[in-house]
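What follows is a short report on a single structure.
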4 protein chains.
Amino acid sequence: MTAPARRLRLGMVGGGVGAFIGAVHRMAARLDDRYVLVAGALSSDRERAQVSGQRLGLASDRIYGSFGDMATAEAKRDDGIDAVAIVTPNHVHHAVAVAFLDAGIHVICDKPLTTSLEQARDLVRRVRRSGLVFGLTHNYTGYPLVRHARAMVGDGRLGRLRLVQVEYAQDWLTTPLEADGNKQAAWRTDPERSGPAGCLGDIGTHAFNLASFITDLQLDAVAADVTTFVEDRRVDDNCQVMLRYESGCRGALWASQVAPGNENNLRIRIYGERGGLSWCQENPNRLEYAPFGEPVQILTRGGPGTSASANRATRIPAGHPEGYLEGFANLYADLAEQITARLEARSPDPEAMLVPGVEDGARAVQFIESTLASSRRGGAWVDARMRWQDDA
Amino acid sequence: MTAPARRLRLGMVGGGVGAFIGAVHRMAARLDDRYVLVAGALSSDRERAQVSGQRLGLASDRIYGSFGDMATAEAKRDDGIDAVAIVTPNHVHHAVAVAFLDAGIHVICDKPLTTSLEQARDLVRRVRRSGLVFGLTHNYTGYPLVRHARAMVGDGRLGRLRLVQVEYAQDWLTTPLEADGNKQAAWRTDPERSGPAGCLGDIGTHAFNLASFITDLQLDAVAADVTTFVEDRRVDDNCQVMLRYESGCRGALWASQVAPGNENNLRIRIYGERGGLSWCQENPNRLEYAPFGEPVQILTRGGPGTSASANRATRIPAGHPEGYLEGFANLYADLAEQITARLEARSPDPEAMLVPGVEDGARAVQFIESTLASSRRGGAWVDARMRWQDDA
Amino acid sequence: MTAPARRLRLGMVGGGVGAFIGAVHRMAARLDDRYVLVAGALSSDRERAQVSGQRLGLASDRIYGSFGDMATAEAKRDDGIDAVAIVTPNHVHHAVAVAFLDAGIHVICDKPLTTSLEQARDLVRRVRRSGLVFGLTHNYTGYPLVRHARAMVGDGRLGRLRLVQVEYAQDWLTTPLEADGNKQAAWRTDPERSGPAGCLGDIGTHAFNLASFITDLQLDAVAADVTTFVEDRRVDDNCQVMLRYESGCRGALWASQVAPGNENNLRIRIYGERGGLSWCQENPNRLEYAPFGEPVQILTRGGPGTSASANRATRIPAGHPEGYLEGFANLYADLAEQITARLEARSPDPEAMLVPGVEDGARAVQFIESTLASSRRGGAWVDARMRWQDDA
Amino acid sequence: MTAPARRLRLGMVGGGVGAFIGAVHRMAARLDDRYVLVAGALSSDRERAQVSGQRLGLASDRIYGSFGDMATAEAKRDDGIDAVAIVTPNHVHHAVAVAFLDAGIHVICDKPLTTSLEQARDLVRRVRRSGLVFGLTHNYTGYPLVRHARAMVGDGRLGRLRLVQVEYAQDWLTTPLEADGNKQAAWRTDPERSGPAGCLGDIGTHAFNLASFITDLQLDAVAADVTTFVEDRRVDDNCQVMLRYESGCRGALWASQVAPGNENNLRIRIYGERGGLSWCQENPNRLEYAPFGEPVQILTRGGPGTSASANRATRIPAGHPEGYLEGFANLYADLAEQITARLEARSPDPEAMLVPGVEDGARAVQFIESTLASSRRGGAWVDARMRWQDDA
């Protein structure tokens, strides 16, 4: 007899009616049928929380008015949630994560991890002590060809790395959209809710994380120019950062939300002594590989020569494009494997361990703080190394 | 109080362990949370049917060994399935569809509709008489920008149409893969299971349907050259077809499964007196629009200027690529609306009526038969008009 | 002592003020410094011929009012022209070519060769008897990567060829431009000057020639649909042609001048048992090569792995784009080598022999006639083989 | 009577057998038939100079063994050269330019202007005093769509500029090619001949100039990280530079010669309050224009909506690609107009004045010096403003 795949019980904090990323998390959780959403504190507004829960078909006793109530109540139930997805504005991440970790519940948290390095370090310590799974949805690491790029770098296909050029350009904040009542723009440009970094935190951290994920390099120092172009905007909307990695690799990171014609243009190029790679999120089923001195090759998701870790994250054949939701779902599927392995007291599939975790989140917060510091100091190189010694 | 969205009870025929398209249908059904899979006759092999049902977590009394048993039993249950998805090889479509239509169950059927025009006409009559929903998963019609292209043509943005150039090229059958035990290749090149057309039926019909969907034109005649390049292959693997539409529009259709470097390269270009459009399935979030005498514009899914029907079929913002599964899921979502409307005795959202139906399937079978006839007659123009008079 | 490169004395017929292709020929002749333009009968209008010659700085005694006078006079001069470039409307090609061949002068002629197959056969015979160089400027054969494609096919890199898909789409005749006094449109749509074929002769022949050049295949038969979309136009403006080659290779050719958004979109794809190639004229420094079962490779002009014949036709390093004029100039440079070899009574560089000649021109005229015949006969397959037996 | 176009008498210093850029200058000069090469000091090696001159067909008395002799002798001749093209390694530019300016001969000089700011300032003063034409071949300004981009920025189509992202990546120096006897690599990595900057001077200056040309902005300050990756290389091979313009516009410049897969990848993106532009040198006939809130438009050379200044620099219709040599030739053509106007004592066509001049060259040398200084100072912002007060 074949056992059916186990479906995990999932709760959600944030993500009520009108939210963007909550719906993405739910689709990602659903795609591979590894989760059932059974509980939620979907809004800090109790009425909205109620309506949102009903629309999602949650049982009425599992629609909560606050995340604290939810953590407490779910921890007590025999059929309580296995994991919680945190999809609130950034400033709430820390408190929610603490509540569920304390309740012994695995956490899937949206990025950036926290709005301060102190909070980030606190979460690192708590996760380490708890032994719980903590997944951070730097979702661009879920794309199969991003994983293939990481495998290629790891296999030495590029030789020793010299250069990382990463950029993440959008245009939706070209005008003062936050002044027009746009909800997404409002909280993302409000330092109370998004933290001190605007564009830098919202998308710059994705770019930084993507580079770290593919290269496995540790940042050494940054020199930055962080700018606000739109009048009266309270956070940055453009960042130039020069990067130095501990290995001697150099790089540049550009993040902007005021670059007309760019919808969600996350692009990375990596160059080593023996070859280069180029990948763009807007056409994610294609990876350019340039072995030095040979023709450039177009690698495709599911196509010839892709690695096991990439193919594992692929659902349908080459030429049938997968996109953002499928990449996001790969994180959920891997976290399902991690959590299920805990529940079943076995070792997880090692390939499921690629999902960014709390330390990756802390590194991104360190990157934010160092970048802001460099910019304040006139672009001088600022130490950006993450130090863990006091985080045990 | 807000009512939760209704979830339809779905059954599946075919799609057991190792199948490709069955898994696609299940992901498509799941993505928007409008269906719950509750029953299946997942293989004609009873043991495989059993194992497959268990893996999917079906209740043991709803894992059926034959589609006939399933239709009968589900029709009797109070909680019987609302709809069945037929994802078997082509030659079984007709019998399964008949069984479920006769049982009063709505049908979602993979393409091509049937392996003969006679069977197709029979299904048209049965569906018309039954009053049931019949959706045919010519899934490429589900892409938002394909729907936008249709809206643009309908709005007269291209003027009177002159030309349709459509092609669908793959390379996976470049070698005699069917001789190597590849299951997908085996049934798709076996006329007993796929019908008399190979490449023409498998992908040529998608290309034909896509052109019909966007232009809303009726075919008048075809002149064709249908070829088998791989030795001992029992069906065609390449087709050239010249098209004439009743309106006077002309076109060409090329379908091939022996074109190295093409993974799933479905591409359409449409030209009218005032402009042109170009769309490629492998990069589906982008549509080129050329208003005559002005610069070409790049329209994007969710981007500026896209139509309501396209945006309705869009889940996430521009720049966050959606792909094949999302397009497929749009058909499932629209069929959910059609079926739910029947259950609730209300009119469906008119925008949900774009899903190809049984008549579209019959037209594609007519296209197959006319194309094969023209090729046999040395490329002469052959009447390809669909005549419905006897199908009431 | 190093001898300077010999510069050939060039005359031109046609190409006066306001002409397009004459200026192209002059730039092409000049680029590599192998020719000096010294004589011309630049217009059939004597006054325009005079003004045009003066503007180009020709000596007054070498500005001719008629091509006949020019042929006679130049043949008598000690410093008479070595070669003549014929850049008139199509209907004059034959007479001018005859005049200069009879005068013992090498000929460089624009395409199509003639406006009838009879004239074409006549020129073939005359060139064969004369022993003179006759170059036909099917200029797209001059692109380095087109030559590289030919070398790859010749080397068996694609295996036995199965398919040729070639298309040449433009949009400039989408509206009745010839009715608005546009000089280029006027003669190209006037059967008295362009011959019986419009789009088919103007650009369809380029597409046909390009396919022949790269594959070295001989045409067996065509089945065609030739259409005129613009009201009152006197020649075709769109052609669909299905191709059969003697080797068993099949193909399709589409040529259109009414496809909005296409400027000069000549594109060819070739598929064999072992691989495929794709090249687009509008981005000519890039050739896609798909070895079956391996990643697609992007070959670049001057880049890794390009053949000697391609590199010989390349002036500047990879990444520094060459274009239409450079491709055209490659024909002129090769013809300079052919002609110089005759003058120096030596064998020419074999690599310089790739320029299309009078037989290639005749084949293209045969293609026109067969295609028009098939279209008239309802798309039936029409024999398109060139027969030379009576052309000795 | 129509006067023929005047052909200028051109001399050349450098560019002998085996050189790259000298041949490019000669093709550029020849393309539009505005120059005749009549004299040369083609190598500092007298024998090579002699052989090179003979190969080019120069009269024996105008093949010079030194540029000094050439300047003196040509100045005395009635038929002496009108202009000299300087195509030597960088370190010689200053001395040659001085010699010909002193001889009253117009100068066309390759970039970078000089190897020190002092020399650059000296040339600025000398040119200003001389009243002679001085053209600097920052040739990428010659591309029609680059000129169109400049026109669009000037017309306010982008609104107030916020961002310039420019990059110039190559891969040919990924390995220590200079140690293998490659002549181009040898002098370009030798600070005695190329100056203190390697990649920065060779291609970084092109990127800087291109941004300046299109935007017409003046640089305020730079913060840089200049690196040498290849062991034992004597100059930089990679540069990251953050840019601040006086207007408040920010930017980033990346230049690299160690980025595998990049042949000659000069790319610029410019963003303003109302729109964005993107252009890549490797596909130069296409410019992407993103009016904020509207679909991106693909502008083409010669296509709909291009400006007079772009069309003036265009020889052949849209869709017929022009490339590097044509762009280069546009500078030569414009300089011919400038010089001819002097000879004819008339005002030149204002559109011909876009060619970079000695001041632009000095600005690029200032950019080099400031960038190197910032990198030495740990990435601190360094004043990069050009000050002219002492250059009258």
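Convention: chains lettered A, B, ... in structure tokens order; per-chain residue numbering from 1; ligands numbered from 1 as shown.
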*Can you list, as a list in words, every protein, DNA or RNA residue that comes within 9 Å of Gly135 (chain C) when you count only C-alpha atoms, leaving out same-chain residues fewer than 5 positions away?*
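Contacts, in chain order: His106, Val107, Ile108, Cys109, Asp110, Leu331, Tyr332, Leu335, Val355, Pro356, Gly357 and Val358 of chain C.
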Using only C-alpha atoms, what table do you get, as JSON lines, when you list each residue of chain C with an atom no more than 9 Å from chain B, its nearest pair of atoms, and their distance in Å rounded to one decimal, rows by chain then rising number?
{"residue": "C:Arg162", "atom": "CA", "partner": "B:Phe229", "partner_atom": "CA", "distance": 7.2}
{"residue": "C:Leu163", "atom": "CA", "partner": "B:Ala259", "partner_atom": "CA", "distance": 7.8}
{"residue": "C:Asp171", "atom": "CA", "partner": "B:Phe292", "partner_atom": "CA", "distance": 8.0}
{"residue": "C:Trp172", "atom": "CA", "partner": "B:Gly293", "partner_atom": "CA", "distance": 8.8}
{"residue": "C:Thr174", "atom": "CA", "partner": "B:Glu273", "partner_atom": "CA", "distance": 6.7}
{"residue": "C:Thr175", "atom": "CA", "partner": "B:Glu273", "partner_atom": "CA", "distance": 7.8}
{"residue": "C:Ala223", "atom": "CA", "partner": "B:Gly379", "partner_atom": "CA", "distance": 6.9}
{"residue": "C:Ala224", "atom": "CA", "partner": "B:Met242", "partner_atom": "CA", "distance": 8.4}
{"residue": "C:Asp225", "atom": "CA", "partner": "B:Met242", "partner_atom": "CA", "distance": 7.6}
{"residue": "C:Thr227", "atom": "CA", "partner": "B:Arg250", "partner_atom": "CA", "distance": 8.6}
{"residue": "C:Phe229", "atom": "CA", "partner": "B:Arg162", "partner_atom": "CA", "distance": 7.2}
{"residue": "C:Val230", "atom": "CA", "partner": "B:Glu273", "partner_atom": "CA", "distance": 8.9}
{"residue": "C:Gln240", "atom": "CA", "partner": "B:Met242", "partner_atom": "CA", "distance": 7.2}
{"residue": "C:Val241", "atom": "CA", "partner": "B:Met242", "partner_atom": "CA", "distance": 8.4}
{"residue": "C:Met242", "atom": "CA", "partner": "B:Gln240", "partner_atom": "CA", "distance": 7.2}
{"residue": "C:Arg250", "atom": "CA", "partner": "B:Thr227", "partner_atom": "CA", "distance": 8.6}
{"residue": "C:Gly251", "atom": "CA", "partner": "B:Gln240", "partner_atom": "CA", "distance": 7.9}
{"residue": "C:Ala252", "atom": "CA", "partner": "B:Gln240", "partner_atom": "CA", "distance": 7.2}
{"residue": "C:Trp254", "atom": "CA", "partner": "B:Ala252", "partner_atom": "CA", "distance": 8.5}
{"residue": "C:Val258", "atom": "CA", "partner": "B:Tyr271", "partner_atom": "CA", "distance": 7.8}
{"residue": "C:Ala259", "atom": "CA", "partner": "B:Tyr271", "partner_atom": "CA", "distance": 5.6}
{"residue": "C:Pro260", "atom": "CA", "partner": "B:Gly276", "partner_atom": "CA", "distance": 5.1}
{"residue": "C:Gly261", "atom": "CA", "partner": "B:Ala290", "partner_atom": "CA", "distance": 4.9}
{"residue": "C:Asn262", "atom": "CA", "partner": "B:Ala290", "partner_atom": "CA", "distance": 8.6}
{"residue": "C:Ile270", "atom": "CA", "partner": "B:Ala259", "partner_atom": "CA", "distance": 8.3}
{"residue": "C:Tyr271", "atom": "CA", "partner": "B:Ala259", "partner_atom": "CA", "distance": 5.6}
{"residue": "C:Gly272", "atom": "CA", "partner": "B:Ala259", "partner_atom": "CA", "distance": 7.6}
{"residue": "C:Glu273", "atom": "CA", "partner": "B:Thr174", "partner_atom": "CA", "distance": 6.7}
{"residue": "C:Arg274", "atom": "CA", "partner": "B:Pro260", "partner_atom": "CA", "distance": 7.5}
{"residue": "C:Gly275", "atom": "CA", "partner": "B:Pro260", "partner_atom": "CA", "distance": 5.2}
{"residue": "C:Gly276", "atom": "CA", "partner": "B:Pro260", "partner_atom": "CA", "distance": 5.1}
{"residue": "C:Leu277", "atom": "CA", "partner": "B:Gly261", "partner_atom": "CA", "distance": 8.1}
{"residue": "C:Glu288", "atom": "CA", "partner": "B:Gly261", "partner_atom": "CA", "distance": 8.8}
{"residue": "C:Tyr289", "atom": "CA", "partner": "B:Gly261", "partner_atom": "CA", "distance": 7.8}
{"residue": "C:Ala290", "atom": "CA", "partner": "B:Gly261", "partner_atom": "CA", "distance": 4.8}
{"residue": "C:Pro291", "atom": "CA", "partner": "B:Pro260", "partner_atom": "CA", "distance": 7.0}
{"residue": "C:Phe292", "atom": "CA", "partner": "B:Pro260", "partner_atom": "CA", "distance": 5.3}
{"residue": "C:Gly293", "atom": "CA", "partner": "B:Pro260", "partner_atom": "CA", "distance": 7.9}
{"residue": "C:Glu294", "atom": "CA", "partner": "B:Gly261", "partner_atom": "CA", "distance": 8.5}
{"residue": "C:Pro295", "atom": "CA", "partner": "B:Gly261", "partner_atom": "CA", "distance": 7.9}
{"residue": "C:Val296", "atom": "CA", "partner": "B:Gly261", "partner_atom": "CA", "distance": 6.3}
{"residue": "C:Arg377", "atom": "CA", "partner": "B:Ala380", "partner_atom": "CA", "distance": 8.9}
{"residue": "C:Gly378", "atom": "CA", "partner": "B:Ala380", "partner_atom": "CA", "distance": 6.4}
{"residue": "C:Gly379", "atom": "CA", "partner": "B:Ala380", "partner_atom": "CA", "distance": 5.6}
{"residue": "C:Ala380", "atom": "CA", "partner": "B:Ala380", "partner_atom": "CA", "distance": 5.2}
{"residue": "C:Trp381", "atom": "CA", "partner": "B:Gly378", "partner_atom": "CA", "distance": 6.5}
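CA of Thr115 (chain B) is found 25.7 Å from CA of Gln281 (chain B).
Shell of Met386 (chain C) at 12 Å, with only C-alpha atoms counted and residues fewer than 2 places along the chain excluded, is Leu117, Ala120, Arg121, Leu217, Gln218, Leu219, Asp220, Ala221, Tyr245, Glu246, Glu359, Asp360, Gly361, Ala362, Arg363, Ala364, Val365, Gln366, Phe367, Ile368, Glu369, Ser370, Asp383, Ala384, Trp388, Gln389, Asp390 and Asp391 of chain C.
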Please write the residues from the selection above to a file, keeping N, CA and C atoms, as a compact mmCIF listing (two decimals), in the first residue's frame.
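New file result36.txt:
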# COMPACT_ATOMS: atom_id res chain seq x y z
N LEU C 117 12.12 33.64 -67.93
CA LEU C 117 13.03 32.51 -67.92
C LEU C 117 13.80 32.44 -69.24
N ALA C 120 16.63 34.66 -69.02
CA ALA C 120 17.61 34.11 -68.08
C ALA C 120 18.46 33.04 -68.75
N ARG C 121 17.78 32.15 -69.46
CA ARG C 121 18.52 31.10 -70.18
C ARG C 121 19.48 31.70 -71.20
N LEU C 217 21.02 22.71 -51.92
CA LEU C 217 20.01 21.77 -52.42
C LEU C 217 19.40 22.30 -53.71
N GLN C 218 18.94 21.35 -54.54
CA GLN C 218 18.26 21.72 -55.78
C GLN C 218 16.76 21.54 -55.59
N LEU C 219 16.01 22.53 -56.04
CA LEU C 219 14.57 22.50 -55.89
C LEU C 219 13.96 21.45 -56.81
N ASP C 220 12.96 20.76 -56.30
CA ASP C 220 12.26 19.77 -57.11
C ASP C 220 10.89 20.29 -57.54
N ALA C 221 10.11 20.77 -56.58
CA ALA C 221 8.75 21.19 -56.90
C ALA C 221 8.25 22.21 -55.88
N TYR C 245 12.65 19.66 -52.16
CA TYR C 245 13.97 19.58 -52.79
C TYR C 245 14.20 18.18 -53.31
N GLU C 246 15.13 18.06 -54.25
CA GLU C 246 15.40 16.76 -54.87
C GLU C 246 15.88 15.73 -53.86
N GLU C 359 23.82 31.32 -63.21
CA GLU C 359 22.97 30.13 -63.03
C GLU C 359 22.08 30.28 -61.80
N ASP C 360 22.62 30.84 -60.74
CA ASP C 360 21.79 31.06 -59.56
C ASP C 360 20.64 32.00 -59.88
N GLY C 361 20.96 33.00 -60.69
CA GLY C 361 19.92 33.93 -61.11
C GLY C 361 18.85 33.21 -61.92
N ALA C 362 19.28 32.34 -62.81
CA ALA C 362 18.31 31.61 -63.63
C ALA C 362 17.44 30.71 -62.76
N ARG C 363 18.06 30.07 -61.77
CA ARG C 363 17.27 29.22 -60.86
C ARG C 363 16.19 30.04 -60.15
N ALA C 364 16.53 31.25 -59.76
CA ALA C 364 15.54 32.09 -59.08
C ALA C 364 14.41 32.48 -60.02
N VAL C 365 14.73 32.70 -61.28
CA VAL C 365 13.68 33.03 -62.25
C VAL C 365 12.80 31.80 -62.48
N GLN C 366 13.43 30.63 -62.54
CA GLN C 366 12.65 29.38 -62.62
C GLN C 366 11.73 29.25 -61.41
N PHE C 367 12.24 29.57 -60.24
CA PHE C 367 11.43 29.53 -59.01
C PHE C 367 10.22 30.46 -59.14
N ILE C 368 10.44 31.67 -59.65
CA ILE C 368 9.32 32.60 -59.85
C ILE C 368 8.28 31.98 -60.77
N GLU C 369 8.72 31.47 -61.90
CA GLU C 369 7.75 30.97 -62.88
C GLU C 369 6.98 29.77 -62.34
N SER C 370 7.67 28.86 -61.67
CA SER C 370 6.99 27.68 -61.12
C SER C 370 6.01 28.08 -60.02
N ASP C 383 6.49 21.19 -61.07
CA ASP C 383 7.91 20.90 -61.26
C ASP C 383 8.70 22.22 -61.26
N ALA C 384 9.73 22.29 -60.47
CA ALA C 384 10.51 23.54 -60.39
C ALA C 384 11.98 23.27 -60.66
N TRP C 388 19.39 22.36 -67.62
CA TRP C 388 20.44 23.12 -68.30
C TRP C 388 20.82 22.55 -69.66
N GLN C 389 20.23 21.41 -70.04
CA GLN C 389 20.79 20.67 -71.17
C GLN C 389 20.94 21.53 -72.43
N ASP C 390 20.03 22.47 -72.61
CA ASP C 390 20.09 23.27 -73.83
C ASP C 390 20.82 24.59 -73.61
N ASP C 391 21.53 24.70 -72.52
CA ASP C 391 22.13 25.98 -72.21
C ASP C 391 23.64 25.99 -72.42
List the neighbours of Ala341 (chain D) out to 12 Å using only C-alpha atoms; skip same-chain residues closer than 5 positions along the sequence, and give me the result as a compact mmCIF listing (two decimals) with N, CA, C and O atoms, in the first residue's frame.
# COMPACT_ATOMS: atom_id res chain seq x y z
N ARG D 6 33.41 67.63 -52.79
CA ARG D 6 34.85 67.79 -52.61
C ARG D 6 35.37 66.59 -51.81
O ARG D 6 34.77 66.17 -50.83
N LEU D 8 38.42 65.36 -49.49
CA LEU D 8 39.53 65.92 -48.71
C LEU D 8 40.75 65.02 -48.82
O LEU D 8 40.63 63.79 -48.93
N LEU D 132 41.62 75.33 -35.60
CA LEU D 132 41.50 74.16 -36.46
C LEU D 132 40.42 73.20 -35.95
O LEU D 132 40.06 73.22 -34.77
N VAL D 133 39.97 72.35 -36.85
CA VAL D 133 39.03 71.30 -36.46
C VAL D 133 39.80 70.20 -35.74
O VAL D 133 40.88 69.79 -36.19
N ASP D 334 30.91 63.86 -40.83
CA ASP D 334 30.66 65.15 -40.18
C ASP D 334 31.92 66.00 -40.12
O ASP D 334 31.86 67.22 -40.29
N LEU D 335 33.04 65.36 -39.87
CA LEU D 335 34.30 66.11 -39.86
C LEU D 335 34.63 66.62 -41.26
O LEU D 335 35.17 67.73 -41.42
N ALA D 336 34.28 65.86 -42.27
CA ALA D 336 34.47 66.34 -43.65
C ALA D 336 33.68 67.63 -43.86
O ALA D 336 34.18 68.60 -44.45
N ARG D 346 32.61 78.98 -45.06
CA ARG D 346 31.18 79.07 -44.80
C ARG D 346 30.87 78.39 -43.46
O ARG D 346 31.74 77.72 -42.88
N SER D 347 29.65 78.55 -43.00
CA SER D 347 29.25 77.89 -41.76
C SER D 347 28.96 76.44 -42.05
O SER D 347 28.31 76.12 -43.05
N PRO D 348 29.38 75.57 -41.16
CA PRO D 348 29.07 74.16 -41.37
C PRO D 348 27.62 73.88 -41.00
O PRO D 348 26.97 74.65 -40.28
N ASP D 349 27.11 72.80 -41.52
CA ASP D 349 25.80 72.30 -41.10
C ASP D 349 25.84 72.08 -39.59
O ASP D 349 26.69 71.36 -39.08
N PRO D 350 24.94 72.71 -38.84
CA PRO D 350 25.00 72.56 -37.37
C PRO D 350 24.90 71.09 -36.93
O PRO D 350 25.48 70.71 -35.91
N ALA D 352 26.36 68.74 -38.13
CA ALA D 352 27.66 68.08 -38.27
C ALA D 352 28.57 68.38 -37.08
O ALA D 352 29.71 67.95 -37.05
N MET D 353 28.07 69.12 -36.12
CA MET D 353 28.92 69.57 -35.00
C MET D 353 28.87 68.63 -33.80
O MET D 353 29.41 68.93 -32.74
*DSSP on the backbone: what in region 196-369 of chain A comes out helix (DSSP H, G or I), as JSON, numbers by chain?*
{"A": [199, 200, 201, 202, 203, 204, 205, 206, 207, 208, 209, 210, 211, 212, 213, 214, 215, 308, 309, 310, 311, 312, 324, 325, 326, 327, 328, 329, 330, 331, 332, 333, 334, 335, 336, 337, 338, 339, 340, 341, 342, 343, 350, 351, 352, 353, 354, 358, 359, 360, 361, 362, 363, 364, 365, 366, 367, 368, 369]}
